[in-house]
$ cat start-v6.txt   # compact mmCIF, C-alpha atoms
# COMPACT_ATOMS: atom_id res chain seq x y z
CA MET R 1 89.53 22.50 -73.64
CA SER R 2 87.54 25.21 -75.37
CA GLY R 3 86.73 28.47 -73.70
CA ARG R 4 83.01 27.80 -73.49
CA ASP R 5 81.24 29.52 -70.72
CA ASP R 6 78.71 26.92 -69.70
CA MET R 7 79.03 26.82 -65.96
CA ALA R 8 77.43 23.73 -64.59
CA ALA R 9 77.06 23.46 -60.84
CA PRO R 10 80.06 21.19 -60.22
CA ALA R 11 82.25 23.49 -62.30
CA ASP R 12 81.04 26.45 -60.26
CA ARG R 13 82.24 24.83 -57.11
CA SER R 14 85.49 24.00 -58.80
CA TYR R 15 85.92 27.70 -59.58
CA LEU R 16 85.36 28.39 -55.92
CA ALA R 17 88.25 26.17 -54.81
CA ALA R 18 90.58 27.69 -57.40
CA GLU R 19 89.35 31.21 -56.71
CA TYR R 20 89.96 30.75 -53.01
CA VAL R 21 93.53 29.59 -53.54
CA LEU R 22 94.17 32.26 -56.17
CA GLY R 23 93.03 34.89 -53.68
CA VAL R 24 90.32 36.72 -55.63
CA LEU R 25 87.42 36.18 -53.20
CA ASP R 26 86.17 38.79 -50.76
CA ALA R 27 86.10 38.27 -46.99
CA ARG R 28 82.56 36.86 -46.86
CA GLN R 29 83.18 34.41 -49.69
CA ARG R 30 86.42 33.32 -48.04
CA ARG R 31 84.56 32.47 -44.80
CA GLU R 32 81.98 30.50 -46.82
CA VAL R 33 84.71 28.57 -48.56
CA GLU R 34 86.39 27.80 -45.24
CA LEU R 35 83.12 26.39 -43.90
CA LEU R 36 82.85 24.30 -47.04
CA ILE R 37 86.42 23.04 -46.57
CA ALA R 38 85.59 22.07 -43.00
CA ARG R 39 82.54 20.00 -43.87
CA ASP R 40 83.16 18.72 -47.38
CA ARG R 41 86.16 16.47 -47.84
CA ALA R 42 85.95 16.34 -51.62
CA PHE R 43 85.97 20.13 -51.72
CA ALA R 44 88.87 20.27 -49.28
CA ARG R 45 90.80 17.98 -51.61
CA GLU R 46 90.08 20.28 -54.54
CA VAL R 47 91.44 23.20 -52.57
CA ALA R 48 94.53 21.22 -51.64
CA ALA R 49 95.03 20.26 -55.30
CA TRP R 50 94.86 23.90 -56.37
CA GLN R 51 97.34 24.83 -53.67
CA VAL R 52 99.77 22.31 -55.06
CA HIS R 53 99.06 23.46 -58.65
CA LEU R 54 99.62 27.15 -58.00
CA ALA R 55 102.32 26.89 -55.36
CA PRO R 56 105.22 27.00 -57.85
CA LEU R 57 104.27 30.61 -58.64
CA ALA R 58 105.47 31.55 -55.18
CA ASP R 59 108.97 30.55 -56.26
CA GLU R 60 109.04 33.84 -58.11
CA ILE R 61 108.50 35.87 -54.96
CA GLU R 62 111.79 37.23 -53.68
CA PRO R 63 112.52 36.37 -50.04
CA VAL R 64 112.78 39.41 -47.76
CA GLU R 65 114.59 39.19 -44.43
CA PRO R 66 112.09 39.95 -41.66
CA PRO R 67 113.17 42.24 -38.81
CA MET R 68 115.17 40.69 -36.00
CA HIS R 69 112.57 41.17 -33.27
CA ILE R 70 110.05 38.69 -34.63
CA LEU R 71 111.75 35.47 -33.59
CA PRO R 72 112.35 36.59 -29.97
CA ARG R 73 108.69 37.64 -29.78
CA LEU R 74 107.56 34.28 -31.06
CA ARG R 75 109.87 32.58 -28.63
CA SER R 76 108.44 34.39 -25.65
CA SER R 77 104.82 34.12 -26.70
CA LEU R 78 104.96 30.48 -27.72
CA PHE R 79 107.39 29.09 -25.22
CA ALA R 80 106.41 31.25 -22.27
CA GLN R 81 109.93 32.00 -21.26
CA ARG R 82 110.35 34.08 -18.19
CA ARG R 83 111.43 37.58 -18.92
CA GLY R 84 112.72 40.26 -16.58
CA GLY R 85 110.36 41.88 -14.09
CA GLY R 86 109.04 44.55 -16.39
CA LEU R 87 106.71 47.38 -15.52
CA LEU R 88 103.11 46.86 -14.59
CA GLU R 89 101.20 47.53 -17.72
CA SER R 90 97.74 46.35 -16.85
CA LEU R 91 96.03 48.30 -14.11
CA GLY R 92 92.93 46.15 -14.19
CA PHE R 93 95.05 43.12 -13.64
CA TRP R 94 96.53 44.54 -10.47
CA ARG R 95 93.19 45.80 -9.29
CA TRP R 96 91.85 42.29 -9.05
CA LEU R 97 95.01 41.01 -7.50
CA ALA R 98 94.75 43.70 -4.85
CA ALA R 99 91.18 42.69 -4.21
CA GLY R 100 92.59 39.39 -3.02
CA THR R 101 92.18 36.16 -4.85
CA GLY R 102 92.98 33.38 -2.46
CA ALA R 103 92.54 29.79 -3.39
CA VAL R 104 89.42 29.09 -5.36
CA ALA R 105 87.20 26.30 -4.18
CA ALA R 106 87.09 24.11 -7.19
CA ALA R 107 85.87 20.93 -5.64
CA ALA R 108 82.70 20.66 -7.67
CA LEU R 109 84.48 21.28 -10.91
CA ALA R 110 87.27 18.99 -9.88
CA GLY R 111 84.70 16.25 -9.47
CA VAL R 112 83.34 16.82 -12.95
CA PHE R 113 86.81 16.96 -14.31
CA VAL R 114 88.04 13.75 -12.78
CA LEU R 115 85.11 11.93 -14.36
CA SER R 116 85.86 13.25 -17.81
CA ARG R 117 89.58 13.59 -17.96
CA PRO R 118 91.63 11.35 -20.19
CA LYS R 119 93.73 8.48 -18.86
CA PRO R 120 96.27 10.12 -16.62
CA VAL R 121 99.95 9.72 -17.31
CA PRO R 122 101.52 7.85 -14.39
CA THR R 123 103.07 10.40 -12.07
CA PRO R 124 105.53 9.93 -9.27
CA PRO R 125 103.83 10.22 -5.89
CA THR R 126 106.03 13.19 -5.01
CA ALA R 127 103.94 15.70 -6.97
CA ALA R 128 100.19 15.42 -6.75
CA PRO R 129 98.31 16.77 -9.77
CA MET R 130 96.76 20.19 -9.31
CA LEU R 131 93.83 21.96 -10.86
CA ALA R 132 93.40 25.58 -11.81
CA THR R 133 89.92 26.93 -12.44
CA ILE R 134 90.12 30.23 -14.27
CA LYS R 135 86.80 32.02 -13.92
CA LEU R 136 85.00 34.88 -15.61
CA ASP R 137 83.79 37.76 -13.46
CA ASP R 138 80.36 36.15 -13.24
CA GLY R 139 81.90 33.02 -11.71
CA ARG R 140 81.56 30.74 -14.71
CA PRO R 141 84.76 28.87 -15.53
CA ALA R 142 86.47 30.20 -18.66
CA PHE R 143 89.25 27.63 -18.64
CA ILE R 144 90.25 24.75 -16.46
CA ALA R 145 93.79 23.50 -16.35
CA THR R 146 95.37 20.40 -14.92
CA ILE R 147 98.90 20.79 -13.72
CA ASP R 148 101.35 17.95 -13.59
CA LEU R 149 104.44 19.24 -11.89
CA ALA R 150 106.20 15.89 -12.11
CA GLN R 151 106.09 16.20 -15.90
CA GLY R 152 106.25 20.00 -15.85
CA THR R 153 103.14 20.18 -17.99
CA MET R 154 99.81 21.87 -17.88
CA LEU R 155 96.76 21.02 -19.97
CA VAL R 156 94.49 24.02 -20.47
CA LEU R 157 90.92 23.27 -21.54
CA PRO R 158 88.58 26.02 -22.72
CA VAL R 159 85.13 25.98 -21.14
CA THR R 160 83.18 29.16 -21.84
CA ALA R 161 85.83 31.59 -22.95
CA THR R 162 85.17 34.00 -25.79
CA ILE R 163 87.57 36.52 -27.17
CA PRO R 164 87.63 39.04 -30.05
CA PRO R 165 88.56 37.30 -33.32
CA ASP R 166 91.78 39.24 -33.78
CA LYS R 167 93.03 38.58 -30.23
CA VAL R 168 94.41 35.65 -28.33
CA PRO R 169 94.06 34.56 -24.70
CA GLU R 170 97.34 34.43 -22.79
CA LEU R 171 97.77 32.51 -19.56
CA TRP R 172 99.69 34.01 -16.64
CA LEU R 173 101.02 32.59 -13.41
CA ILE R 174 101.24 35.01 -10.49
CA PRO R 175 103.20 33.72 -7.49
CA PRO R 176 102.33 35.54 -4.25
CA GLY R 177 103.99 38.95 -4.19
CA ASP R 178 105.43 38.52 -7.67
CA VAL R 179 104.70 39.89 -11.12
CA PRO R 180 102.79 37.80 -13.68
CA HIS R 181 104.81 35.27 -15.65
CA SER R 182 103.53 34.19 -19.03
CA LEU R 183 102.73 30.52 -19.45
CA GLY R 184 101.95 31.08 -23.09
CA VAL R 185 99.07 31.63 -25.43
CA VAL R 186 96.08 29.31 -25.08
CA ASP R 187 93.07 28.70 -27.29
CA VAL R 188 89.34 29.25 -26.73
CA ALA R 189 88.43 26.34 -28.99
CA HIS R 190 91.00 23.65 -28.29
CA PRO R 191 92.90 22.21 -25.34
CA VAL R 192 96.48 23.42 -25.26
CA ALA R 193 99.32 21.55 -23.58
CA ILE R 194 101.86 23.85 -22.01
CA ALA R 195 105.36 22.96 -20.91
CA ILE R 196 105.94 24.91 -17.72
CA PRO R 197 109.40 26.51 -17.98
CA PRO R 198 111.70 24.83 -15.45
CA ALA R 199 112.45 28.18 -13.80
CA LEU R 200 108.75 28.64 -13.05
CA ARG R 201 107.93 25.19 -11.76
CA SER R 202 108.77 25.96 -8.16
CA ALA R 203 106.39 28.93 -8.36
CA VAL R 204 103.40 26.76 -9.20
CA SER R 205 101.78 26.28 -5.81
CA LEU R 206 98.41 26.42 -4.08
CA GLN R 207 99.28 30.02 -3.15
CA ALA R 208 99.77 31.19 -6.73
CA ALA R 209 97.07 32.73 -8.89
CA VAL R 210 96.45 32.28 -12.59
CA ALA R 211 94.82 34.64 -15.05
CA ILE R 212 93.92 35.04 -18.69
CA SER R 213 94.50 38.34 -20.46
CA VAL R 214 93.47 39.40 -23.95
CA GLU R 215 96.53 39.94 -26.11
CA PRO R 216 97.46 40.60 -29.73
CA PRO R 217 98.16 37.54 -31.90
CA GLY R 218 101.31 35.85 -30.75
CA GLY R 219 100.84 37.05 -27.21
CA SER R 220 101.85 40.05 -25.16
CA PRO R 221 104.68 41.91 -26.87
CA THR R 222 106.03 43.18 -23.55
CA GLY R 223 106.19 40.07 -21.38
CA GLN R 224 103.51 41.49 -19.10
CA PRO R 225 99.73 41.56 -19.65
CA THR R 226 98.81 44.41 -22.00
CA GLY R 227 95.10 43.74 -22.51
CA PRO R 228 92.17 43.28 -20.15
CA VAL R 229 92.17 40.32 -17.77
CA ILE R 230 89.03 38.35 -18.59
CA ALA R 231 89.39 35.47 -16.18
CA LYS R 232 91.30 34.57 -13.07
CA GLY R 233 91.50 31.91 -10.46
CA GLY R 234 93.55 29.92 -8.02
CA ILE R 235 95.21 26.56 -7.90
CA SER R 236 93.89 23.65 -5.86
CA SER R 237 94.95 20.09 -5.35
CA ILE R 238 92.83 17.40 -6.93
CA MET P 1 113.82 34.14 -61.98
CA ARG P 2 112.92 31.52 -59.45
CA GLY P 3 116.07 32.07 -57.49
CA GLY P 4 116.42 32.76 -53.85
CA GLY P 5 115.61 30.60 -50.92
CA LEU P 6 113.61 27.46 -50.90
CA GLY P 7 111.82 26.34 -53.97
CA MET P 8 108.09 25.89 -53.70
CA SER P 9 107.89 23.01 -56.03
CA ASP P 10 109.31 19.60 -56.54
CA ARG P 11 112.14 21.15 -58.46
CA THR P 12 114.13 21.27 -55.26
CA GLU P 13 114.16 17.50 -55.45
CA THR P 14 115.75 17.54 -58.86
CA GLY P 15 118.44 19.89 -57.67
CA SER P 16 121.50 19.09 -55.63
CA GLY P 17 120.68 15.95 -53.77
CA GLY P 18 116.96 16.68 -53.40
CA SER P 19 117.48 17.33 -49.73
CA ASP P 20 115.70 20.69 -49.18
CA ARG P 21 112.23 19.31 -49.27
CA GLU P 22 113.07 16.27 -47.19
CA ARG P 23 114.94 18.30 -44.63
CA LEU P 24 112.10 20.77 -44.35
CA ARG P 25 109.59 17.97 -44.06
CA ASP P 26 111.54 16.49 -41.17
CA VAL P 27 111.76 19.88 -39.49
CA VAL P 28 108.00 20.45 -39.78
CA LEU P 29 107.31 16.99 -38.40
CA ALA P 30 109.62 17.72 -35.47
CA VAL P 31 107.76 20.99 -34.85
CA ALA P 32 104.52 18.99 -34.82
CA GLY P 33 106.08 17.00 -31.99
CA GLY P 34 106.63 20.19 -30.00
CA ASP P 35 110.37 20.49 -30.71
CA ARG P 36 111.29 24.12 -30.00
CA ALA P 37 114.74 23.90 -31.56
CA ALA P 38 113.11 22.57 -34.73
CA PHE P 39 110.71 25.52 -34.67
CA GLU P 40 113.63 27.94 -34.61
CA THR P 41 115.30 26.05 -37.44
CA LEU P 42 112.08 26.19 -39.41
CA TYR P 43 111.86 29.93 -38.82
CA ARG P 44 115.41 30.51 -39.98
CA LEU P 45 114.89 28.40 -43.09
CA THR P 46 111.58 29.87 -44.16
CA ALA P 47 110.89 33.27 -42.57
CA ALA P 48 112.41 35.30 -45.40
CA LYS P 49 110.32 33.44 -47.94
CA LEU P 50 107.10 33.81 -45.97
CA PHE P 51 107.85 37.46 -45.19
CA GLY P 52 108.32 38.05 -48.93
CA VAL P 53 104.95 36.43 -49.58
CA CYS P 54 103.19 38.54 -46.90
CA LEU P 55 104.90 41.75 -47.98
CA ARG P 56 103.91 41.19 -51.60
CA ILE P 57 100.25 40.89 -50.64
CA LEU P 58 100.11 43.54 -47.93
CA GLY P 59 102.58 46.12 -49.16
CA LYS P 60 103.00 47.58 -45.70
CA ARG P 61 105.91 46.25 -43.65
CA SER P 62 104.23 46.59 -40.26
CA ASP P 63 101.22 44.60 -41.46
CA ALA P 64 103.47 41.98 -42.99
CA GLU P 65 105.38 41.69 -39.69
CA ASP P 66 102.15 41.12 -37.74
CA VAL P 67 100.98 38.53 -40.20
CA LEU P 68 104.35 36.80 -40.20
CA GLN P 69 104.14 36.45 -36.43
CA GLU P 70 100.57 35.12 -36.67
CA THR P 71 101.70 32.73 -39.36
CA TYR P 72 104.43 31.17 -37.25
CA THR P 73 102.15 31.06 -34.23
CA THR P 74 99.72 29.04 -36.32
CA ILE P 75 102.51 26.86 -37.66
CA TRP P 76 103.62 26.05 -34.10
CA HIS P 77 100.12 25.10 -33.02
CA LYS P 78 98.97 23.39 -36.21
CA ALA P 79 102.10 21.66 -37.46
CA GLY P 80 100.39 18.38 -36.58
CA LEU P 81 97.98 19.01 -39.45
CA PHE P 82 100.76 19.02 -42.05
CA ASP P 83 100.29 16.04 -44.33
CA PRO P 84 103.46 15.26 -46.30
CA GLU P 85 101.43 13.07 -48.65
CA ARG P 86 99.32 15.99 -49.71
CA ALA P 87 101.70 18.88 -50.16
CA SER P 88 105.34 19.74 -49.91
CA PRO P 89 106.26 21.45 -46.64
CA ILE P 90 107.03 24.79 -48.28
CA THR P 91 103.70 24.73 -50.11
CA TRP P 92 101.93 24.15 -46.82
CA LEU P 93 103.82 26.97 -45.11
CA VAL P 94 103.39 29.46 -47.94
CA MET P 95 99.67 28.75 -48.15
CA ILE P 96 99.25 29.48 -44.44
CA ALA P 97 101.08 32.76 -44.88
CA ARG P 98 99.08 33.68 -47.99
CA ASN P 99 95.77 32.89 -46.30
CA LYS P 100 96.60 35.02 -43.30
CA ALA P 101 97.91 37.85 -45.46
CA ILE P 102 94.84 37.81 -47.70
CA ASP P 103 92.56 37.78 -44.65
CA ARG P 104 94.43 40.77 -43.27
CA ALA P 105 94.22 42.55 -46.61
CA ARG P 106 90.45 41.99 -46.72
CA ALA P 107 90.06 43.20 -43.14
CA ASP P 108 91.80 46.48 -43.99
CA ALA P 109 89.49 48.85 -45.77
CA GLY P 110 92.29 50.42 -47.79
CA GLU P 111 93.49 49.21 -51.15
CA GLN P 112 96.83 47.41 -50.98
CA HIS P 113 97.63 47.58 -54.67
CA ALA P 114 97.02 50.37 -57.09
CA ALA P 115 99.55 49.69 -59.85
CA PRO P 116 97.79 49.52 -63.21
CA ILE P 117 97.65 46.14 -64.92
CA GLU P 118 98.27 46.20 -68.63
CA LEU P 119 96.28 43.58 -70.48
CA ALA P 120 97.12 42.52 -74.01
CA ASP P 121 93.92 42.41 -76.04
CA ASP P 122 95.04 39.95 -78.65
CA LEU P 123 96.69 36.56 -78.66
CA ARG P 124 100.19 37.95 -79.01
CA ASP P 125 102.40 35.68 -77.03
CA ASP P 126 104.47 37.57 -74.53
CA ALA P 127 105.19 34.55 -72.41
CA PRO P 128 108.31 34.66 -70.30
CA GLU P 129 111.35 32.89 -71.68
CA PRO P 130 110.94 29.18 -71.14
CA ALA P 131 113.34 27.70 -68.65
CA SER P 132 116.23 25.59 -69.85
CA ALA P 133 115.01 22.69 -71.90
CA ALA P 134 117.35 20.40 -70.05
CA GLU P 135 115.42 20.98 -66.86
CA ALA P 136 113.19 18.11 -65.93
CA GLU P 137 109.45 18.72 -66.04
CA ASP P 138 108.70 19.12 -62.38
CA SER P 139 105.56 20.73 -61.05
CA GLY P 140 106.94 24.25 -61.38
CA ARG P 141 107.97 23.72 -64.97
CA ARG P 142 104.61 22.16 -65.72
CA LEU P 143 102.80 25.18 -64.33
CA ASP P 144 104.99 27.47 -66.46
CA ARG P 145 104.18 25.45 -69.55
CA CYS P 146 100.45 25.45 -68.78
CA LEU P 147 100.43 29.18 -68.06
CA GLU P 148 102.15 29.75 -71.40
CA GLN P 149 99.19 28.12 -73.12
CA LEU P 150 96.78 30.71 -71.76
CA GLU P 151 95.86 33.94 -73.49
CA PRO P 152 98.25 36.67 -72.33
CA ARG P 153 95.54 38.55 -70.47
CA GLN P 154 94.40 35.40 -68.68
CA ARG P 155 97.97 34.68 -67.68
CA THR P 156 98.60 38.25 -66.52
CA LEU P 157 95.44 38.35 -64.43
CA ILE P 158 96.01 34.95 -62.82
CA ARG P 159 99.61 35.73 -61.97
CA THR P 160 98.74 39.15 -60.58
CA ALA P 161 95.85 37.74 -58.55
CA PHE P 162 98.14 35.14 -57.01
CA PHE P 163 101.00 37.50 -56.19
CA ASP P 164 98.90 40.39 -54.89
CA GLY P 165 96.00 38.40 -53.43
CA ALA P 166 93.81 40.87 -55.30
CA THR P 167 90.02 40.61 -55.58
CA TYR P 168 88.19 40.52 -58.92
CA GLU P 169 87.03 44.06 -58.21
CA SER P 170 90.56 45.30 -57.64
CA LEU P 171 91.83 43.53 -60.75
CA ALA P 172 89.04 45.09 -62.79
CA ALA P 173 89.77 48.55 -61.45
CA ARG P 174 93.49 48.25 -62.03
CA SER P 175 93.19 46.86 -65.53
CA GLY P 176 90.35 49.13 -66.60
CA ALA P 177 88.43 46.09 -67.85
CA PRO P 178 84.80 45.34 -66.93
CA LEU P 179 84.38 43.19 -63.81
CA GLY P 180 82.40 40.54 -65.72
CA SER P 181 85.15 40.20 -68.31
CA VAL P 182 87.88 39.93 -65.68
CA LYS P 183 85.93 37.20 -63.89
CA SER P 184 85.27 35.32 -67.06
CA TRP P 185 88.88 35.55 -68.32
CA ILE P 186 90.22 34.29 -65.01
CA ARG P 187 87.68 31.49 -64.73
CA ARG P 188 88.28 30.30 -68.26
CA GLY P 189 91.99 30.51 -67.60
CA LEU P 190 91.58 28.40 -64.49
CA ILE P 191 89.64 25.76 -66.41
CA LYS P 192 92.35 25.60 -69.06
CA LEU P 193 95.01 25.42 -66.38
CA LYS P 194 93.26 22.57 -64.64
CA ALA P 195 92.89 20.65 -67.88
CA CYS P 196 96.57 21.14 -68.60
CA LEU P 197 97.75 20.32 -65.07
CA GLU P 198 95.43 17.33 -64.54
CA PRO P 199 95.44 15.67 -67.94
$ encode --input "start-v6.txt" --output "structure tokens"
Amino acid sequence: MSGRDDMAAPADRSYLAAEYVLGVLDARQRREVELLIARDRAFAREVAAWQVHLAPLADEIEPVEPPMHILPRLRSSLFAQRRGGGLLESLGFWRWLAAGTGAVAAAALAGVFVLSRPKPVPTPPTAAPMLATIKLDDGRPAFIATIDLAQGTMLVLPVTATIPPDKVPELWLIPPGDVPHSLGVVDVAHPVAIAIPPALRSAVSLQAAVAISVEPPGGSPTGQPTGPVIAKGGISSI
Amino acid sequence: MRGGGLGMSDRTETGSGGSDRERLRDVVLAVAGGDRAAFETLYRLTAAKLFGVCLRILGKRSDAEDVLQETYTTIWHKAGLFDPERASPITWLVMIARNKAIDRARADAGEQHAAPIELADDLRDDAPEPASAAEAEDSGRRLDRCLEQLEPRQRTLIRTAFFDGATYESLAARSGAPLGSVKSWIRRGLIKLKACLEP
């Protein structure tokens, strides 16, 4: 291979894949490349090939022990474990709770949902499936969630939610007279299946409220909502 | 030189029993199935490596901590996208960490790296000592050999770009070379690398 500089179009794109993996592109070029990866399989394969080619260089990077607090944070944000009461850190959140939420009439949405939902997993007759409609202030649904207490699972589907790019939506369960309990981080673009922690299952009832707050990546660092509550709602039976 | 933690390349397979890569692959696949214990195992096996990668690109510990947390959050949600046919598990994990760290670096206005880069201006070979000849030619060894065939300045720039996640502009500023030359050296180096790695 000589060092000639004739850059035909295909070669240019090949630079782009290598340049992306190498890390020399600026933010705008990186977004363009990511769009290209998403819609062009051949290009995505080139990127993957360069990742495999250059990966051995990372062997030379010395491992550094990360601080101890990261794993517990991940655990609580990803697995929605219940943590101790904690102080109320989101005034706005409590303001809407005080305003009274009650059960949200979700019949219309429930109808739509039943038509479009995937084949249900067989559930014992002891626990009827429930539906949570989590609405924006203007009444439009931000998320809808089906709750299967028999399985201890919840499927959270985004509807119209938007969120700043460097933040994540976190889902909270608020039993009557109790503090919010994290059910985990959800996603504005994809359905997320949540395993309801066993300790919280008895708290999932038609009297409980649910809410979405805006949190830093990985979820609230405190175990209570730290960002604004963008959507809230109640739980109804289907 | 390549010591410490999990190897990125196939060389782990040529080592003692070749179990690292397979074990890690199984752990990632279990994470894809929603196995929380597997996620914790994965974290314990790989967090130091990924933190090293983030720290190298970002320089600042607090930024690297944030990005590490984002990285594992993504790994938990996207483990189902890992394709063992396409890449080794550690390659997949490191590339997620690098992408997030580079994105963070680009989002921060400040310059992460300022250390000058010294570029040799002739073809003097200052390649690192080749690894033991007895070592099998795995993908890491092959990359070493192919990098050794580049001009020293091409090799220096490509290695620095990879480790620091530095832009062409930053590499030009730090090496004192014109932007056009830096781009052209790196691109020609990449072409040579590709020809050597994909014969």
$ interface_residues --input "start-v6.txt" --of "chain R" --to "chain P" --cutoff "9 Å" --atoms "only C-alpha atoms" --output "PDB file with C-alpha atoms, in the frame of the given file"
ATOM      1  CA  MET R   1      89.530  22.500 -73.640  1.00  0.00           C
ATOM      2  CA  SER R   2      87.540  25.210 -75.370  1.00  0.00           C
ATOM      3  CA  GLY R   3      86.730  28.470 -73.700  1.00  0.00           C
ATOM      4  CA  ARG R   4      83.010  27.800 -73.490  1.00  0.00           C
ATOM      5  CA  ASP R   5      81.240  29.520 -70.720  1.00  0.00           C
ATOM      6  CA  ALA R  11      82.250  23.490 -62.300  1.00  0.00           C
ATOM      7  CA  SER R  14      85.490  24.000 -58.800  1.00  0.00           C
ATOM      8  CA  TYR R  15      85.920  27.700 -59.580  1.00  0.00           C
ATOM      9  CA  ALA R  18      90.580  27.690 -57.400  1.00  0.00           C
ATOM     10  CA  GLU R  19      89.350  31.210 -56.710  1.00  0.00           C
ATOM     11  CA  VAL R  21      93.530  29.590 -53.540  1.00  0.00           C
ATOM     12  CA  LEU R  22      94.170  32.260 -56.170  1.00  0.00           C
ATOM     13  CA  GLY R  23      93.030  34.890 -53.680  1.00  0.00           C
ATOM     14  CA  VAL R  24      90.320  36.720 -55.630  1.00  0.00           C
ATOM     15  CA  LEU R  25      87.420  36.180 -53.200  1.00  0.00           C
ATOM     16  CA  ASP R  26      86.170  38.790 -50.760  1.00  0.00           C
ATOM     17  CA  ALA R  27      86.100  38.270 -46.990  1.00  0.00           C
ATOM     18  CA  ARG R  30      86.420  33.320 -48.040  1.00  0.00           C
ATOM     19  CA  ARG R  45      90.800  17.980 -51.610  1.00  0.00           C
ATOM     20  CA  ALA R  48      94.530  21.220 -51.640  1.00  0.00           C
ATOM     21  CA  ALA R  49      95.030  20.260 -55.300  1.00  0.00           C
ATOM     22  CA  TRP R  50      94.860  23.900 -56.370  1.00  0.00           C
ATOM     23  CA  GLN R  51      97.340  24.830 -53.670  1.00  0.00           C
ATOM     24  CA  VAL R  52      99.770  22.310 -55.060  1.00  0.00           C
ATOM     25  CA  HIS R  53      99.060  23.460 -58.650  1.00  0.00           C
ATOM     26  CA  LEU R  54      99.620  27.150 -58.000  1.00  0.00           C
ATOM     27  CA  ALA R  55     102.320  26.890 -55.360  1.00  0.00           C
ATOM     28  CA  PRO R  56     105.220  27.000 -57.850  1.00  0.00           C
ATOM     29  CA  LEU R  57     104.270  30.610 -58.640  1.00  0.00           C
ATOM     30  CA  ALA R  58     105.470  31.550 -55.180  1.00  0.00           C
ATOM     31  CA  ASP R  59     108.970  30.550 -56.260  1.00  0.00           C
ATOM     32  CA  GLU R  60     109.040  33.840 -58.110  1.00  0.00           C
ATOM     33  CA  ILE R  61     108.500  35.870 -54.960  1.00  0.00           C
ATOM     34  CA  GLU R  62     111.790  37.230 -53.680  1.00  0.00           C
ATOM     35  CA  PRO R  63     112.520  36.370 -50.040  1.00  0.00           C
ATOM     36  CA  VAL R  64     112.780  39.410 -47.760  1.00  0.00           C
ATOM     37  CA  GLU R  65     114.590  39.190 -44.430  1.00  0.00           C
ATOM     38  CA  PRO R  66     112.090  39.950 -41.660  1.00  0.00           C
ATOM     39  CA  PRO R  67     113.170  42.240 -38.810  1.00  0.00           C
ATOM     40  CA  ILE R  70     110.050  38.690 -34.630  1.00  0.00           C
ATOM     41  CA  LEU R  71     111.750  35.470 -33.590  1.00  0.00           C
ATOM     42  CA  ARG R  73     108.690  37.640 -29.780  1.00  0.00           C
ATOM     43  CA  LEU R  74     107.560  34.280 -31.060  1.00  0.00           C
ATOM     44  CA  ARG R  75     109.870  32.580 -28.630  1.00  0.00           C
ATOM     45  CA  SER R  77     104.820  34.120 -26.700  1.00  0.00           C
ATOM     46  CA  LEU R  78     104.960  30.480 -27.720  1.00  0.00           C
ATOM     47  CA  PHE R  79     107.390  29.090 -25.220  1.00  0.00           C
ATOM     48  CA  VAL R 192      96.480  23.420 -25.260  1.00  0.00           C
ATOM     49  CA  PRO R 217      98.160  37.540 -31.900  1.00  0.00           C
ATOM     50  CA  GLY R 218     101.310  35.850 -30.750  1.00  0.00           C
TER      51      GLY R 218
END
$ atom_distance --input "start-v6.txt" --atom1 "atom CA of Ala199 of chain R" --atom2 "atom CA of Thr226 of chain R"
22.7 Å
$ atom_distance --input "start-v6.txt" --atom1 "atom CA of Thr146 of chain R" --atom2 "atom CA of Val186 of chain R"
13.5 Å
$ atom_distance --input "start-v6.txt" --atom1 "atom CA of Val159 of chain R" --atom2 "atom CA of Leu36 of chain R"
26.1 Å
$ closest_residue --input "start-v6.txt" --among "P:Ala37, P:Ala172, P:Ala177, P:Leu42" --to "Asp20 of chain P" --atoms "all atoms listed in the file"
P:Leu42
$ closest_residue --input "start-v6.txt" --among "R:Ala209, R:Ala38, R:Ala132, R:Leu157" --to "Ala193 of chain R" --atoms "all atoms listed in the file"
R:Leu157
